[in-house]
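Structure file target.txt (compact mmCIF, C-alpha atoms and all ligand atoms) is printed below.
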# COMPACT_ATOMS: atom_id res chain seq x y z
CA MET C 1 150.61 171.41 133.03
CA THR C 2 150.66 167.94 131.49
CA ARG C 3 147.69 165.87 132.68
CA HIS C 4 147.71 162.10 133.21
CA LEU C 5 145.27 159.34 134.10
CA LEU C 6 147.25 157.17 136.50
CA ARG C 7 144.47 156.36 138.96
CA ASP C 8 140.73 156.95 139.06
CA ASP C 9 140.88 159.94 141.40
CA ASP C 10 143.06 161.86 138.93
CA LEU C 11 139.71 163.03 137.54
CA SER C 12 137.52 165.23 139.74
CA PRO C 13 133.77 164.57 139.71
CA ASP C 14 133.26 167.36 137.13
CA GLU C 15 136.12 166.10 135.00
CA GLN C 16 134.85 162.52 135.15
CA ARG C 17 131.43 163.74 133.96
CA GLU C 18 133.06 165.73 131.15
CA VAL C 19 135.02 162.68 129.98
CA LEU C 20 131.89 160.50 130.13
CA ASP C 21 129.90 163.07 128.13
CA LEU C 22 132.67 163.20 125.55
CA ALA C 23 132.80 159.39 125.38
CA ALA C 24 129.04 159.29 124.71
CA ARG C 25 129.45 161.90 121.94
CA LEU C 26 132.32 159.94 120.40
CA LYS C 27 130.24 156.78 120.50
CA ALA C 28 127.50 158.55 118.53
CA SER C 29 129.99 160.12 116.06
CA PRO C 30 133.21 158.07 116.04
CA TYR C 31 135.05 160.30 113.52
CA ALA C 32 133.82 163.72 114.69
CA VAL C 33 136.89 164.48 116.84
CA ARG C 34 140.38 164.41 115.33
CA SER C 35 142.48 165.18 118.41
CA LEU C 36 145.41 163.11 117.07
CA ALA C 37 145.31 164.40 113.48
CA GLY C 38 148.74 164.62 111.94
CA PRO C 39 148.91 161.71 112.53
CA ARG C 40 150.31 162.15 116.04
CA SER C 41 151.68 158.96 117.59
CA VAL C 42 150.58 157.27 120.80
CA ALA C 43 152.98 154.72 122.32
CA MET C 44 151.15 151.65 123.64
CA ILE C 45 153.35 149.50 125.88
CA PHE C 46 152.26 146.16 127.33
CA ASP C 47 154.19 144.38 130.08
CA LYS C 48 151.21 142.09 130.80
CA PRO C 49 148.89 140.18 128.45
CA THR C 50 146.23 142.16 126.58
CA LEU C 51 143.46 141.81 124.05
CA ARG C 52 140.69 144.38 124.65
CA THR C 53 143.09 147.12 125.69
CA GLN C 54 145.41 146.78 122.72
CA VAL C 55 142.56 146.53 120.23
CA SER C 56 140.45 149.34 121.69
CA PHE C 57 143.37 151.75 122.03
CA GLY C 58 144.67 150.83 118.57
CA ALA C 59 141.31 151.35 116.89
CA GLY C 60 140.53 154.41 119.01
CA VAL C 61 143.82 156.19 118.26
CA ALA C 62 143.27 155.52 114.54
CA GLU C 63 139.73 156.94 114.73
CA LEU C 64 141.13 160.11 116.32
CA GLY C 65 143.44 160.51 113.32
CA GLY C 66 146.56 159.28 115.11
CA TYR C 67 149.07 156.45 114.81
CA PRO C 68 148.99 153.70 117.47
CA MET C 69 152.61 152.65 118.02
CA LEU C 70 152.72 149.22 119.63
CA ILE C 71 155.77 148.63 121.83
CA ASP C 72 156.55 145.14 123.11
CA GLY C 73 157.22 145.53 126.81
CA ALA C 74 159.51 142.49 126.89
CA LEU C 75 161.73 143.94 124.15
CA ALA C 76 161.79 147.41 125.66
CA GLY C 77 162.61 146.11 129.16
CA ILE C 78 161.54 149.32 130.87
CA GLY C 79 163.02 149.47 134.35
CA VAL C 80 165.28 146.53 133.51
CA ARG C 81 167.37 147.39 130.44
CA GLU C 82 166.96 151.09 131.07
CA SER C 83 165.47 153.20 133.85
CA VAL C 84 161.84 154.28 133.63
CA GLU C 85 163.00 157.92 133.77
CA ASP C 86 165.33 157.57 130.76
CA VAL C 87 162.66 155.76 128.71
CA ALA C 88 160.15 158.48 129.62
CA ARG C 89 162.48 161.25 128.42
CA VAL C 90 163.08 159.43 125.12
CA LEU C 91 159.44 158.56 124.43
CA GLY C 92 158.24 162.05 125.36
CA ARG C 93 160.28 163.47 122.47
CA GLN C 94 158.71 161.11 119.94
CA VAL C 95 155.06 160.63 120.77
CA SER C 96 152.06 162.69 121.89
CA ALA C 97 150.88 160.33 124.64
CA ILE C 98 151.96 157.12 126.35
CA VAL C 99 149.60 154.27 127.24
CA TRP C 100 151.24 151.71 129.54
CA ARG C 101 150.10 148.43 131.07
CA THR C 102 152.56 147.34 133.72
CA PHE C 103 152.90 145.93 137.21
CA HIS C 104 154.00 148.70 139.55
CA GLN C 105 152.01 151.87 139.98
CA GLY C 106 155.28 153.57 140.99
CA TYR C 107 156.78 152.88 137.56
CA LEU C 108 153.81 154.55 135.92
CA GLU C 109 154.19 157.56 138.19
CA SER C 110 157.88 157.87 137.24
CA MET C 111 156.94 157.70 133.57
CA ALA C 112 154.42 160.51 134.09
CA ALA C 113 156.90 162.61 136.05
CA HIS C 114 159.51 162.55 133.27
CA ALA C 115 157.72 162.10 129.92
CA GLY C 116 156.28 165.60 129.42
CA VAL C 117 153.29 164.09 127.57
CA PRO C 118 150.09 162.54 128.97
CA VAL C 119 150.53 159.07 130.45
CA VAL C 120 147.51 156.77 130.65
CA ASN C 121 147.27 153.75 132.95
CA ALA C 122 146.22 150.80 130.81
CA LEU C 123 146.15 148.62 133.99
CA THR C 124 148.59 148.22 136.84
CA ASP C 125 148.48 145.92 139.85
CA ASP C 126 146.62 148.71 141.67
CA PHE C 127 144.21 150.42 139.25
CA HIS C 128 142.38 150.04 135.92
CA PRO C 129 140.92 153.53 135.37
CA CYS C 130 140.22 153.17 131.62
CA GLN C 131 137.99 150.20 132.37
CA LEU C 132 136.09 152.29 134.89
CA ILE C 133 135.37 155.08 132.43
CA ALA C 134 134.02 152.41 130.05
CA ASP C 135 132.05 150.79 132.87
CA LEU C 136 130.52 154.05 134.08
CA LEU C 137 129.54 154.90 130.50
CA THR C 138 127.88 151.47 130.29
CA VAL C 139 126.02 151.97 133.58
CA ARG C 140 124.81 155.36 132.38
CA GLU C 141 123.52 153.83 129.16
CA HIS C 142 121.57 151.13 130.99
CA ARG C 143 120.59 152.84 134.25
CA GLY C 144 120.83 156.60 133.62
CA GLU C 145 122.23 159.09 136.13
CA LEU C 146 125.09 157.54 138.12
CA ALA C 147 124.76 159.50 141.35
CA GLY C 148 122.69 157.59 143.89
CA LEU C 149 122.98 154.17 142.22
CA SER C 150 124.34 151.32 144.32
CA VAL C 151 127.02 148.97 143.06
CA ALA C 152 128.19 145.73 144.66
CA PHE C 153 131.65 144.46 143.70
CA VAL C 154 131.95 140.78 144.64
CA GLY C 155 135.19 138.80 144.63
CA ASP C 156 138.82 139.93 144.78
CA GLY C 157 138.37 143.40 146.23
CA ALA C 158 142.12 143.81 146.63
CA CYS C 159 142.79 143.78 142.89
CA ASN C 160 142.98 146.73 140.50
CA MET C 161 139.24 146.53 139.72
CA GLY C 162 138.21 146.64 143.38
CA ASN C 163 140.33 149.75 143.99
CA SER C 164 139.15 151.41 140.80
CA TRP C 165 135.47 150.80 141.53
CA LEU C 166 135.92 152.30 145.00
CA LEU C 167 137.52 155.49 143.71
CA ALA C 168 135.62 155.96 140.44
CA GLY C 169 132.27 154.91 141.92
CA ALA C 170 132.69 157.36 144.80
CA THR C 171 133.69 160.09 142.32
CA ALA C 172 130.45 159.44 140.42
CA GLY C 173 128.41 159.74 143.64
CA MET C 174 127.54 156.03 143.73
CA HIS C 175 127.13 153.82 146.80
CA VAL C 176 129.94 151.30 146.48
CA ARG C 177 129.87 148.04 148.45
CA ILE C 178 132.87 145.72 148.25
CA SER C 179 132.30 142.11 149.25
CA ALA C 180 135.44 140.02 149.60
CA PRO C 181 136.86 137.35 151.90
CA ASP C 182 139.18 138.25 154.74
CA GLY C 183 142.48 139.56 153.43
CA TYR C 184 141.11 140.48 149.99
CA LEU C 185 139.59 143.89 150.62
CA PRO C 186 141.08 147.11 149.27
CA ALA C 187 143.64 148.59 151.67
CA PRO C 188 142.28 150.83 154.46
CA ALA C 189 143.96 153.86 152.83
CA MET C 190 141.95 153.19 149.66
CA PHE C 191 138.69 153.12 151.63
CA GLU C 192 139.68 156.35 153.39
CA ARG C 193 140.42 158.09 150.10
CA ALA C 194 137.15 156.84 148.57
CA ALA C 195 135.17 157.90 151.66
CA GLU C 196 136.70 161.37 151.42
CA ILE C 197 135.59 161.63 147.78
CA ALA C 198 132.13 160.21 148.59
CA ALA C 199 131.62 162.79 151.33
CA ALA C 200 131.76 165.48 148.63
CA THR C 201 129.72 163.68 145.95
CA GLY C 202 126.92 162.21 148.10
CA GLY C 203 128.10 158.66 147.50
CA SER C 204 129.28 156.14 150.08
CA VAL C 205 131.67 153.21 150.47
CA LEU C 206 131.27 150.05 152.50
CA ALA C 207 133.04 146.73 153.07
CA GLU C 208 130.52 143.89 153.44
CA PRO C 209 131.89 140.35 153.90
CA ASP C 210 128.57 138.63 153.12
CA PRO C 211 128.03 138.67 149.33
CA LYS C 212 124.24 138.23 149.67
CA VAL C 213 123.98 141.24 151.94
CA ALA C 214 126.21 143.28 149.61
CA VAL C 215 124.21 142.41 146.49
CA THR C 216 120.75 142.85 148.03
CA GLY C 217 118.96 145.66 146.21
CA ALA C 218 122.05 146.68 144.20
CA ASP C 219 121.54 148.38 140.82
CA VAL C 220 124.86 147.13 139.49
CA VAL C 221 126.68 143.89 140.35
CA VAL C 222 130.32 143.56 139.34
CA THR C 223 132.85 140.79 139.52
CA ASP C 224 136.30 140.08 138.12
CA THR C 225 138.63 137.12 137.81
CA TRP C 226 139.86 135.70 141.11
CA ILE C 227 143.32 135.29 139.59
CA SER C 228 144.59 138.57 138.24
CA MET C 229 147.55 138.65 135.89
CA GLY C 230 150.67 137.95 137.94
CA LYS C 231 148.81 135.91 140.61
CA GLU C 232 148.75 132.62 138.69
CA GLU C 233 150.85 130.79 141.29
CA GLU C 234 148.14 131.41 143.90
CA SER C 235 145.39 129.85 141.75
CA ALA C 236 144.49 126.87 143.95
CA ALA C 237 144.40 128.84 147.21
CA ARG C 238 142.39 131.63 145.61
CA GLU C 239 139.79 129.33 144.08
CA ALA C 240 139.12 127.83 147.51
CA VAL C 241 138.79 131.13 149.34
CA PHE C 242 136.70 132.89 146.68
CA ALA C 243 134.24 130.05 145.95
CA PRO C 244 131.46 131.55 148.16
CA TYR C 245 131.77 134.82 146.20
CA SER C 246 130.85 133.36 142.82
CA LEU C 247 128.30 135.47 140.93
CA THR C 248 125.60 132.84 140.46
CA SER C 249 122.02 133.32 139.26
CA GLU C 250 120.96 132.86 142.89
CA LEU C 251 123.19 135.70 144.05
CA MET C 252 122.14 137.90 141.11
CA ALA C 253 118.49 137.36 142.12
CA CYS C 254 119.20 139.29 145.36
CA ALA C 255 119.95 142.47 143.35
CA ALA C 256 117.33 144.96 142.14
CA PRO C 257 115.06 143.33 139.52
CA ASP C 258 116.50 145.54 136.76
CA ALA C 259 120.10 145.26 137.96
CA ILE C 260 122.91 144.80 135.46
CA ALA C 261 125.81 142.35 135.75
CA MET C 262 129.29 143.54 134.80
CA HIS C 263 132.67 141.91 134.23
CA CYS C 264 135.73 143.52 132.62
CA LEU C 265 136.75 140.18 131.00
CA PRO C 266 138.43 137.82 130.51
CA ALA C 267 135.81 135.80 132.41
CA TYR C 268 136.01 132.24 133.70
CA ARG C 269 132.54 130.72 133.57
CA GLY C 270 131.78 128.50 136.54
CA LYS C 271 134.42 130.27 138.65
CA GLU C 272 133.81 133.94 139.50
CA ILE C 273 130.65 134.08 137.34
CA ASP C 274 128.13 131.51 136.14
CA ALA C 275 127.51 131.15 132.41
CA GLU C 276 123.79 131.92 132.97
CA VAL C 277 124.73 135.31 134.41
CA LEU C 278 127.52 136.21 131.98
CA ASP C 279 125.49 135.15 128.96
CA GLY C 280 122.11 136.08 130.43
CA PRO C 281 119.76 139.03 129.90
CA GLN C 282 121.16 141.16 132.75
CA SER C 283 124.74 140.97 131.46
CA VAL C 284 126.18 144.10 129.80
CA VAL C 285 129.72 142.76 129.37
CA TRP C 286 129.88 143.17 125.58
CA ASP C 287 128.80 146.80 125.89
CA GLU C 288 131.57 147.29 128.45
CA ALA C 289 134.10 145.82 126.03
CA GLU C 290 132.92 148.06 123.19
CA ASN C 291 132.87 151.12 125.42
CA ARG C 292 136.58 150.76 126.13
CA ARG C 293 137.23 152.36 122.73
CA HIS C 294 134.87 155.30 123.22
CA ALA C 295 136.05 155.85 126.81
CA GLN C 296 139.75 155.81 125.95
CA LYS C 297 139.29 158.14 122.99
CA ALA C 298 137.62 160.55 125.39
CA VAL C 299 140.43 160.17 127.95
CA LEU C 300 143.16 160.86 125.38
CA THR C 301 141.28 163.80 123.88
CA TYR C 302 140.55 165.27 127.32
CA LEU C 303 144.13 164.94 128.59
CA LEU C 304 145.68 166.42 125.44
CA ALA C 305 143.30 169.39 125.51
CA ALA C 306 143.64 169.99 129.26
CA GLY C 307 147.44 170.00 128.97
CA ALA C 308 147.36 172.41 126.04
CA GLU C 309 145.06 174.87 127.88
CA ALA C 310 147.12 175.11 131.06
N1 LIG C 401 142.00 142.11 137.69
C1 LIG C 401 142.27 141.64 136.35
C2 LIG C 401 141.72 142.60 135.34
C3 LIG C 401 141.84 142.12 133.91
C4 LIG C 401 141.39 143.15 132.88
C5 LIG C 401 143.77 141.48 136.16
O1 LIG C 401 144.52 142.34 136.63
O2 LIG C 401 144.19 140.50 135.56

Would you give me this structure, written as structure tokens?
Amino acid sequence: MTRHLLRDDDLSPDEQREVLDLAARLKASPYAVRSLAGPRSVAMIFDKPTLRTQVSFGAGVAELGGYPMLIDGALAGIGVRESVEDVARVLGRQVSAIVWRTFHQGYLESMAAHAGVPVVNALTDDFHPCQLIADLLTVREHRGELAGLSVAFVGDGACNMGNSWLLAGATAGMHVRISAPDGYLPAPAMFERAAEIAAATGGSVLAEPDPKVAVTGADVVVTDTWISMGKEEESAAREAVFAPYSLTSELMACAAPDAIAMHCLPAYRGKEIDAEVLDGPQSVVWDEAENRRHAQKAVLTYLLAAGAEA
């Protein structure tokens, strides 16, 4: 059966650990695995802006011996010029995997249902699972075993990163606290799903409106832009409502003394995170950015192998 990574809970706790172990091995030996030798092609489609994702997938596919085929989402017009299903059937006959950054999670699911090759979510409105594999790898490097660590996500909990931290953190057995203003928490169904996963892994999930309470004693503190791609028209309203959730040095001081600060980037200094935190000694953001490549190589390699075995 073809395997995909469409959302964070597509990987079981064991599978997530396996992918993280593989990512760590690939980081130590970048050219040791040639899962795309041929070269086999990977289609990379972007319907939203990108820098890290395009570069890390492009470099990563090349390191695996493959060919990264960049497709301009605006030219392709998937779901506009042509149905997602028809595009999926065409691409699936040309390439070995499809990496897609788009708006609707449903579009990605249709692509996966019809492509016949692994489809990887390179960010949708709802999830950013590749970032979470990179982030969990980064946490492991700085804080060791993931299970039992507490993470506070502060800011726009209703965005892709809030949802992904809930699901991936719970899968890793972490204690995930989301601190967001009214109306910006992950949907109740997302909390329910994460709580169900946490019940099996020993983790937990919690919504905590007060950012100081959420961050107190946390091992990991995470934030993200208040204005995700596609939300630009809401900028003024969002800046007002999120101001008390800014990750300042004062807020960071509430965390565990050896806590790390994380941000998937791009970051807006003085808005969701202060420059002293982003550029300070507790920040691991550049490791996160580097780890995108190692994480995504592991994801592609894992999905291709899992599909071939079944
Ligand atoms: N929540 C952000 C993540 C950027 C990598 C966005 O969707 O724009």

Given 12 Å and only C-alpha atoms and all ligand atoms, residues near ligand LIG 401 (chain C) as a VMD selection string = chain C and resid 47 to 54 101 to 104 122 to 132 155 to 165 222 to 232 263 to 268 272 288 to 289 292

What does the distance from atom CA of Ala275 of chain C to atom CA of Arg140 of chain C come to in Å, to one decimal?
->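 Answer for the atom CA of Ala275 of chain C to atom CA of Arg140 of chain C separation: 24.4 Å.
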
How many Å separate atom CA of Gly92 of chain C from atom CA of Arg17 of chain C?
-> 28.2 Å

For Gly307 of chain C, which of C:Ala97, C:Ala43, C:Ala187, C:Ala24 is the closest residue, counting only C-alpha atoms?
->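 Among the listed residues, the smallest separation from Gly307 of chain C belongs to C:Ala97.
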
For Ala198 of chain C, list every protein, DNA or RNA residue within 9 Å, evaluated using all atoms listed in the file, and leave out those in the same chain fewer than 3 positions away; present the list as a VMD selection string.
-> chain C and resid 167 169 to 175 193 to 195 201 to 205
